[in-house]
Each structure stands twice: as structure tokens, then as C-alpha cells.
Amino acid sequence: MPEPRTILILVENLPVPLDRRVWQEACALRDAGYRVVVICPRMRGFTQPEEALEGIYIYRHWISEEAGGFAAFFREYSSAILGQIALAWKAWWRHRFDVIHLCNPPDLLFLVALPFRWLFGTRIVYDVHDICPEMFEAKFGRRGPFYWIVRLAEWVTYRCADVILATNESVRDVAIERGRKDGTDVFIVRTAPAVQAADYQADPGLKKRRQFLVGYVGVMGDADGVNYLLDAAAHVVHELGRKDVQFLLMGTGPEYEHLLAQRDRLSLQDHVDMPGRVSNDYLFTALQTMDIGVSCDPINPYNDHCTMNKVLEYMIFAKPQVLFDLKEGRASAGDAALYVPENSARMLGDAIAQLLDDPKARERMGQLGRKRIEAQLNWQKSVNQLLLAYQRI
């Protein structure tokens, strides 16, 4: 029998297995008979330089910081690229990989992959998690020279990739139109979590003796809109006088400390829990417990292209949700959500209160969301697309 193909996955912005999409892809490829090696940063509690986990070999490199500002991004990406180059050569001598699977952001990992392409004919898969030029513009509020450098990096990555993995239709359109890729080389691999909601029980203790629990799960960076949710919570608690609502905001990121300070400044300590990074068991128990999920990513061209993991997670657990009216948010949630038409914390808070007061709507939205996941957006459909992409190359 021929030796199984070996795949090297490169991811810079999160460690594995914390990055759920990358870990699910790695496991799916392993289950399909590939050997899988991952290179990622040492961060967020995952600090072992090397680790074999469930048959997948993981190398982790030092990273300067998890960036928030412009200069910090330069330091982070510089340290990350150097670390990834060094570990890629170590992985080559040990594993002799056939394919390099690039997970953005940033769109700089082609610098790691191209020498292997030129010297050994290694194939390249470009897994587009985020549209980086739009993400740059959303973070910094302007274009300028560096925006066009980011566009150039994106173009080069598309040029050197044999196959593209897109998280949704909007990303696929960018790959075909801006990336000039043939549609037959672009495969939609959505980021639906591979979890069974029935395996977890609700924990009423998370509600802190209040009637309702409103939840958020995700990154807490400067583009994720958690500041809107905190201001909305202040509106619900202080202005609408709702003492029956508890908020649980799970996750961490570059803005976490600033958001903690915002919570305290708004006198929300008793109504808003922010436990930081949580275990999967805690997360899924919380998702089972909450009455409403919130996706507070603000309306902008970048977020319009993004399928937010939390939107799908709420749907798996049959939870209604409130979100700003984003193109791909609406494409995912459909009638399982209440949409806020503009970036307004007050309107977000009013929508939360409205949905809390309508139990029939909450039940209907939750069931619609779960049915959409089961019929259209489940992980197994994405696994099929992932394996088709690898057959293509």
C-alpha cells in the first residue's frame, strides 16, 4: 500500500486545538487517512513546544504578543513568520509533507510555503478564515499604503494556492473575483462546530438567581463589538430597569482588560460575568443554559463577509439570538435571529429586552436555528467539501 500523504497546517492567530475550525479540519483529514502536522503559536495556555495529540503532531513557536495596535501587529507577525519558517523546516526534515495548508490571517504565510513549492513541488491550500484587506480597514478605520500592501499579500497568496477553502459564499465570491481563481478550485468549508447539544445539561447557577441569561462567546478584540454589548447591558440594567437579566461574556483577546474596565465603569459587576477563556465543558454548558445569544460584531464591509462561529454555536443549541444586520450573519441565521439595523448599543439593548419578553418568538427562533444547522450548515457537509478539495489537488 502507498504511504499516506502528509499535510502541514500553518495557523498564526490561535493555537491548536483552541482554534476549533483548524482542529476539526485536522481531525477530519486524519480520519480520512492523511498524516497531519500543525504549526501554531504558543499562547492562551497552550505552551508546549511540541505535542502529539490524538494522532496529530503539533509544533508551537514563540510569539511576541497578541497584537492590538499597528506597531504590535508588526512585532507579532514578524516573530510569528520567523517562528513558522524555522518550524516548517524542522517539520520537513521529520515528516516530508506533501501539502501546506495556509490558514489566514495574516496573508503572509506564503512566505513560509513558497520555498517548499519551488524546491519540492509542495501543493498549497489557502484556507480563507478572514478577508484581510477588509479586516485591516475595519481595525484601523482607513486604507493608506499599508492597506495596499495587505491587498498585495492577499493577491500573492491566491496566486500560489492550488485550492481555496472559503467559509461562505461571500468569501468564495472574493476568491473568484478578486483572487481570479477558477470556481472549480474554490470549496465552501463552513465553520460549524462538531458538538452534540444533547450531551450537555443546563446549569441554573450561571443565572445568579436571575430569570434570564444572555450570553456571548468569542474573541474580544477591537473589531468584535463587545463594547457595544456592554453598553447595551448598561441600557438594559440601568435605563430599562431590568434586574432579572444576567449577562455571561465568554472569551478573551487583546481588548479583554479594557472591556473589564468598561464593565466596572458602567457598574455592571453584579450583572455581567466575564470569566475569560473557558473550557469546552463550561462553554457548552453555558450555551445550553442561556436564553439568548448575542453576536455584536458591528456592521462594516469586513464583518459582512464573515460567518461568525458564535452564530452557528447558538443555533446548534437552539438558542435565539440578537445580532447586528450583517450579510453573512443573516445568511447563516435566517429567521432564527432578531436583527439590529445599525451599530447602536441602545438598539441592541432594546432588541435583547424585546426578545426576552417574547417566549414564543424565542422558542420558534431556537427551533428554526437548530433545523437550519441539521439540514444545511452542519459540519459533516463541510467535511465532504474539505475532502473534495484535497482530492482536487
# chains A, B, ... in the order shown; residues from 1 in each chain; ligands from 1
>>> residues_around(residues="Gln321 (chain A)", least_positions_apart="6", cutoff="9 Å", atoms="only C-alpha atoms", output="list in words")
Asp291, Ile292, Gly293, Val294, Ser295, Val311, Tyr314, Met315, Ala333, Ala336, Ala337, Leu338, Tyr339, Ile352, Leu355, Arg362, Met365 and Gly366 of chain A
>>> write_last_selection(atoms="N, CA and C atoms", output="PDB file, in the first residue's frame")
ATOM      1  N   ASP A 291     -30.599  31.967  27.581  1.00  0.00           N
ATOM      2  CA  ASP A 291     -31.891  32.189  26.944  1.00  0.00           C
ATOM      3  C   ASP A 291     -31.751  32.872  25.592  1.00  0.00           C
ATOM      4  N   ILE A 292     -30.724  33.716  25.470  1.00  0.00           N
ATOM      5  CA  ILE A 292     -30.461  34.448  24.227  1.00  0.00           C
ATOM      6  C   ILE A 292     -28.958  34.506  24.014  1.00  0.00           C
ATOM      7  N   GLY A 293     -28.529  34.351  22.768  1.00  0.00           N
ATOM      8  CA  GLY A 293     -27.149  34.610  22.390  1.00  0.00           C
ATOM      9  C   GLY A 293     -27.055  35.935  21.660  1.00  0.00           C
ATOM     10  N   VAL A 294     -25.917  36.608  21.810  1.00  0.00           N
ATOM     11  CA  VAL A 294     -25.714  37.892  21.142  1.00  0.00           C
ATOM     12  C   VAL A 294     -24.465  37.806  20.267  1.00  0.00           C
ATOM     13  N   SER A 295     -24.580  38.291  19.042  1.00  0.00           N
ATOM     14  CA  SER A 295     -23.438  38.477  18.152  1.00  0.00           C
ATOM     15  C   SER A 295     -23.354  39.968  17.876  1.00  0.00           C
ATOM     16  N   VAL A 311     -22.587  32.552  15.975  1.00  0.00           N
ATOM     17  CA  VAL A 311     -23.924  32.473  15.387  1.00  0.00           C
ATOM     18  C   VAL A 311     -24.328  31.013  15.200  1.00  0.00           C
ATOM     19  N   TYR A 314     -24.832  29.189  18.702  1.00  0.00           N
ATOM     20  CA  TYR A 314     -26.152  29.436  19.278  1.00  0.00           C
ATOM     21  C   TYR A 314     -27.207  28.572  18.588  1.00  0.00           C
ATOM     22  N   MET A 315     -27.097  28.430  17.274  1.00  0.00           N
ATOM     23  CA  MET A 315     -28.085  27.661  16.530  1.00  0.00           C
ATOM     24  C   MET A 315     -28.026  26.180  16.882  1.00  0.00           C
ATOM     25  N   ALA A 333     -28.140  32.670   9.975  1.00  0.00           N
ATOM     26  CA  ALA A 333     -29.209  32.532  10.969  1.00  0.00           C
ATOM     27  C   ALA A 333     -30.603  32.562  10.356  1.00  0.00           C
ATOM     28  N   ALA A 336     -33.849  32.737  12.474  1.00  0.00           N
ATOM     29  CA  ALA A 336     -33.534  32.314  13.842  1.00  0.00           C
ATOM     30  C   ALA A 336     -32.951  33.453  14.671  1.00  0.00           C
ATOM     31  N   ALA A 337     -33.047  34.683  14.184  1.00  0.00           N
ATOM     32  CA  ALA A 337     -32.430  35.811  14.878  1.00  0.00           C
ATOM     33  C   ALA A 337     -33.284  37.053  14.745  1.00  0.00           C
ATOM     34  N   LEU A 338     -33.034  37.989  15.663  1.00  0.00           N
ATOM     35  CA  LEU A 338     -33.611  39.324  15.603  1.00  0.00           C
ATOM     36  C   LEU A 338     -32.479  40.268  15.220  1.00  0.00           C
ATOM     37  N   TYR A 339     -32.671  41.044  14.149  1.00  0.00           N
ATOM     38  CA  TYR A 339     -31.591  41.842  13.566  1.00  0.00           C
ATOM     39  C   TYR A 339     -31.713  43.308  13.961  1.00  0.00           C
ATOM     40  N   ILE A 352     -32.611  43.012  22.743  1.00  0.00           N
ATOM     41  CA  ILE A 352     -32.452  41.962  23.756  1.00  0.00           C
ATOM     42  C   ILE A 352     -33.676  41.929  24.668  1.00  0.00           C
ATOM     43  N   LEU A 355     -36.797  40.529  22.908  1.00  0.00           N
ATOM     44  CA  LEU A 355     -36.802  39.088  22.727  1.00  0.00           C
ATOM     45  C   LEU A 355     -36.985  38.352  24.061  1.00  0.00           C
ATOM     46  N   ARG A 362     -38.837  33.318  21.036  1.00  0.00           N
ATOM     47  CA  ARG A 362     -37.570  32.671  21.387  1.00  0.00           C
ATOM     48  C   ARG A 362     -37.611  31.180  21.046  1.00  0.00           C
ATOM     49  N   MET A 365     -37.578  30.783  17.125  1.00  0.00           N
ATOM     50  CA  MET A 365     -36.261  31.064  16.551  1.00  0.00           C
ATOM     51  C   MET A 365     -35.259  29.957  16.884  1.00  0.00           C
ATOM     52  N   GLY A 366     -35.288  29.486  18.124  1.00  0.00           N
ATOM     53  CA  GLY A 366     -34.351  28.435  18.521  1.00  0.00           C
ATOM     54  C   GLY A 366     -34.533  27.175  17.698  1.00  0.00           C
TER      55      GLY A 366
END
>>> select_by_dssp(residues="region 213-312 of chain A", states="strand (DSSP E or B)", output="list in words")
Leu213, Val214, Gly215, Tyr216, Val217, Val245, Gln246, Phe247, Leu248, Leu249, Met250, Val272, Asp273, Met274, Pro275, Gly276, Ile292, Gly293, Val294 and Ser295 of chain A
>>> closest_residue(among="A:Ala138, A:Met43, A:Tyr59, A:Ala198", to="Lys90 (chain A)", atoms="only C-alpha atoms")
A:Tyr59
>>> residues_around(residues="Asp31 (chain A)", least_positions_apart="3", cutoff="12 Å", atoms="only C-alpha atoms", output="count of residues only")
14
>>> closest_residue(among="A:Gly179, A:Pro204, A:Gly45, A:Pro341", to="Leu18 (chain A)", atoms="only C-alpha atoms")
A:Gly45
>>> select_by_dssp(residues="region 229-391 of chain A", states="helix (DSSP H, G or I)", output="ChimeraX atom specification")
/A:229-239,256-265,280-289,301-304,309-316,327-336,345-356,359-377,379-391
>>> closest_residue(among="A:Lys319, A:Arg364, A:His271, A:Arg123", to="His235 (chain A)", atoms="only C-alpha atoms")
A:His271
>>> residues_around(residues="His305 (chain A)", least_positions_apart="6", cutoff="9 Å", atoms="only C-alpha atoms", output="JSON, numbers by chain")
{"A": [130, 131, 134, 168, 169, 170, 171, 326, 327, 328, 329]}
>>> write_last_selection(atoms="N, CA and C atoms", output="PDB file, in the first residue's frame")
ATOM      1  N   ASP A 130     -10.549  34.834   7.104  1.00  0.00           N
ATOM      2  CA  ASP A 130     -10.934  36.250   7.131  1.00  0.00           C
ATOM      3  C   ASP A 130     -10.468  36.929   5.855  1.00  0.00           C
ATOM      4  N   ILE A 131     -11.247  37.907   5.392  1.00  0.00           N
ATOM      5  CA  ILE A 131     -10.837  38.740   4.257  1.00  0.00           C
ATOM      6  C   ILE A 131      -9.936  39.833   4.821  1.00  0.00           C
ATOM      7  N   GLU A 134     -10.226  43.914   4.134  1.00  0.00           N
ATOM      8  CA  GLU A 134     -11.375  44.495   4.825  1.00  0.00           C
ATOM      9  C   GLU A 134     -11.178  44.476   6.341  1.00  0.00           C
ATOM     10  N   ASN A 168     -17.730  30.861   3.381  1.00  0.00           N
ATOM     11  CA  ASN A 168     -19.106  31.134   2.985  1.00  0.00           C
ATOM     12  C   ASN A 168     -19.127  31.629   1.535  1.00  0.00           C
ATOM     13  N   GLU A 169     -20.317  31.949   1.051  1.00  0.00           N
ATOM     14  CA  GLU A 169     -20.468  32.385  -0.345  1.00  0.00           C
ATOM     15  C   GLU A 169     -19.774  33.716  -0.606  1.00  0.00           C
ATOM     16  N   SER A 170     -19.823  34.632   0.365  1.00  0.00           N
ATOM     17  CA  SER A 170     -19.180  35.933   0.175  1.00  0.00           C
ATOM     18  C   SER A 170     -17.672  35.784  -0.019  1.00  0.00           C
ATOM     19  N   VAL A 171     -17.052  34.935   0.786  1.00  0.00           N
ATOM     20  CA  VAL A 171     -15.612  34.694   0.653  1.00  0.00           C
ATOM     21  C   VAL A 171     -15.313  33.995  -0.669  1.00  0.00           C
ATOM     22  N   LEU A 326     -25.846  41.828   9.498  1.00  0.00           N
ATOM     23  CA  LEU A 326     -24.738  41.566   8.587  1.00  0.00           C
ATOM     24  C   LEU A 326     -25.164  40.578   7.505  1.00  0.00           C
ATOM     25  N   LYS A 327     -24.597  40.729   6.331  1.00  0.00           N
ATOM     26  CA  LYS A 327     -24.988  39.889   5.193  1.00  0.00           C
ATOM     27  C   LYS A 327     -24.844  38.404   5.508  1.00  0.00           C
ATOM     28  N   GLU A 328     -23.649  37.990   5.963  1.00  0.00           N
ATOM     29  CA  GLU A 328     -23.438  36.564   6.216  1.00  0.00           C
ATOM     30  C   GLU A 328     -24.068  36.120   7.539  1.00  0.00           C
ATOM     31  N   GLY A 329     -24.251  37.044   8.473  1.00  0.00           N
ATOM     32  CA  GLY A 329     -25.000  36.702   9.673  1.00  0.00           C
ATOM     33  C   GLY A 329     -26.424  36.316   9.334  1.00  0.00           C
TER      34      GLY A 329
END
>>> residues_around(residues="Tyr147 (chain A)", least_positions_apart="3", cutoff="7 Å", atoms="only C-alpha atoms", output="list in words")
Pro133, Phe136, Arg143, Gly144, Val150 and Arg151 of chain A
>>> write_last_selection(atoms="N, CA and C atoms", output="PDB file, in the first residue's frame")
ATOM      1  N   PRO A 133      -7.834  42.382   3.775  1.00  0.00           N
ATOM      2  CA  PRO A 133      -7.877  43.824   3.493  1.00  0.00           C
ATOM      3  C   PRO A 133      -9.047  44.521   4.189  1.00  0.00           C
ATOM      4  N   PHE A 136      -8.284  44.793   7.879  1.00  0.00           N
ATOM      5  CA  PHE A 136      -7.351  45.898   8.140  1.00  0.00           C
ATOM      6  C   PHE A 136      -8.103  47.220   8.186  1.00  0.00           C
ATOM      7  N   ARG A 143      -7.533  53.325   4.838  1.00  0.00           N
ATOM      8  CA  ARG A 143      -6.771  52.491   3.912  1.00  0.00           C
ATOM      9  C   ARG A 143      -5.291  52.856   3.988  1.00  0.00           C
ATOM     10  N   GLY A 144      -4.836  53.777   3.142  1.00  0.00           N
ATOM     11  CA  GLY A 144      -3.440  54.170   3.202  1.00  0.00           C
ATOM     12  C   GLY A 144      -2.523  53.133   2.569  1.00  0.00           C
ATOM     13  N   VAL A 150      -1.376  44.921   2.226  1.00  0.00           N
ATOM     14  CA  VAL A 150      -2.209  43.778   2.614  1.00  0.00           C
ATOM     15  C   VAL A 150      -2.917  43.200   1.384  1.00  0.00           C
ATOM     16  N   ARG A 151      -3.399  44.061   0.497  1.00  0.00           N
ATOM     17  CA  ARG A 151      -4.035  43.583  -0.741  1.00  0.00           C
ATOM     18  C   ARG A 151      -3.040  42.795  -1.586  1.00  0.00           C
TER      19      ARG A 151
END
>>> residues_around(residues="Cys103 (chain A)", least_positions_apart="5", cutoff="6 Å", atoms="only C-alpha atoms", output="short mmCIF file (atom, residue, chain, number, x, y, z; two decimals) with N, CA and C atoms, in the first residue's frame")
data_model
loop_
_atom_site.label_atom_id
_atom_site.label_comp_id
_atom_site.auth_asym_id
_atom_site.auth_seq_id
_atom_site.Cartn_x
_atom_site.Cartn_y
_atom_site.Cartn_z
N LEU A 10 -0.58 25.43 8.70
CA LEU A 10 0.01 26.62 9.33
C LEU A 10 -1.12 27.53 9.80
N VAL A 11 -1.10 27.89 11.08
CA VAL A 11 -2.08 28.84 11.63
C VAL A 11 -1.34 29.77 12.57
N ASP A 127 -6.73 28.48 3.08
CA ASP A 127 -7.95 28.40 3.88
C ASP A 127 -8.28 29.80 4.37
#
>>> closest_residue(among="A:Gly221, A:Glu342, A:Tyr57, A:Trp93", to="Met135 (chain A)", atoms="only C-alpha atoms")
A:Gly221
>>> residues_around(residues="Pro106 (chain A)", least_positions_apart="4", cutoff="8 Å", atoms="only C-alpha atoms", output="PyMOL selection string")
chain A and resi 12-13+77+132
>>> closest_residue(among="A:Gly349, A:Ala86, A:Asn300, A:Glu76", to="Leu108 (chain A)", atoms="only C-alpha atoms")
A:Glu76
>>> atom_distance(atom1="CA of Val125 (chain A)", atom2="CA of Tyr390 (chain A)")
8.4 Å
>>> atom_distance(atom1="CA of Ile164 (chain A)", atom2="CA of Asp297 (chain A)")
25.2 Å
>>> atom_distance(atom1="CA of Pro254 (chain A)", atom2="CA of Glu65 (chain A)")
9.2 Å
>>> closest_residue(among="A:Val128, A:Ile63, A:Val322, A:Leu249", to="Val174 (chain A)", atoms="only C-alpha atoms")
A:Val128
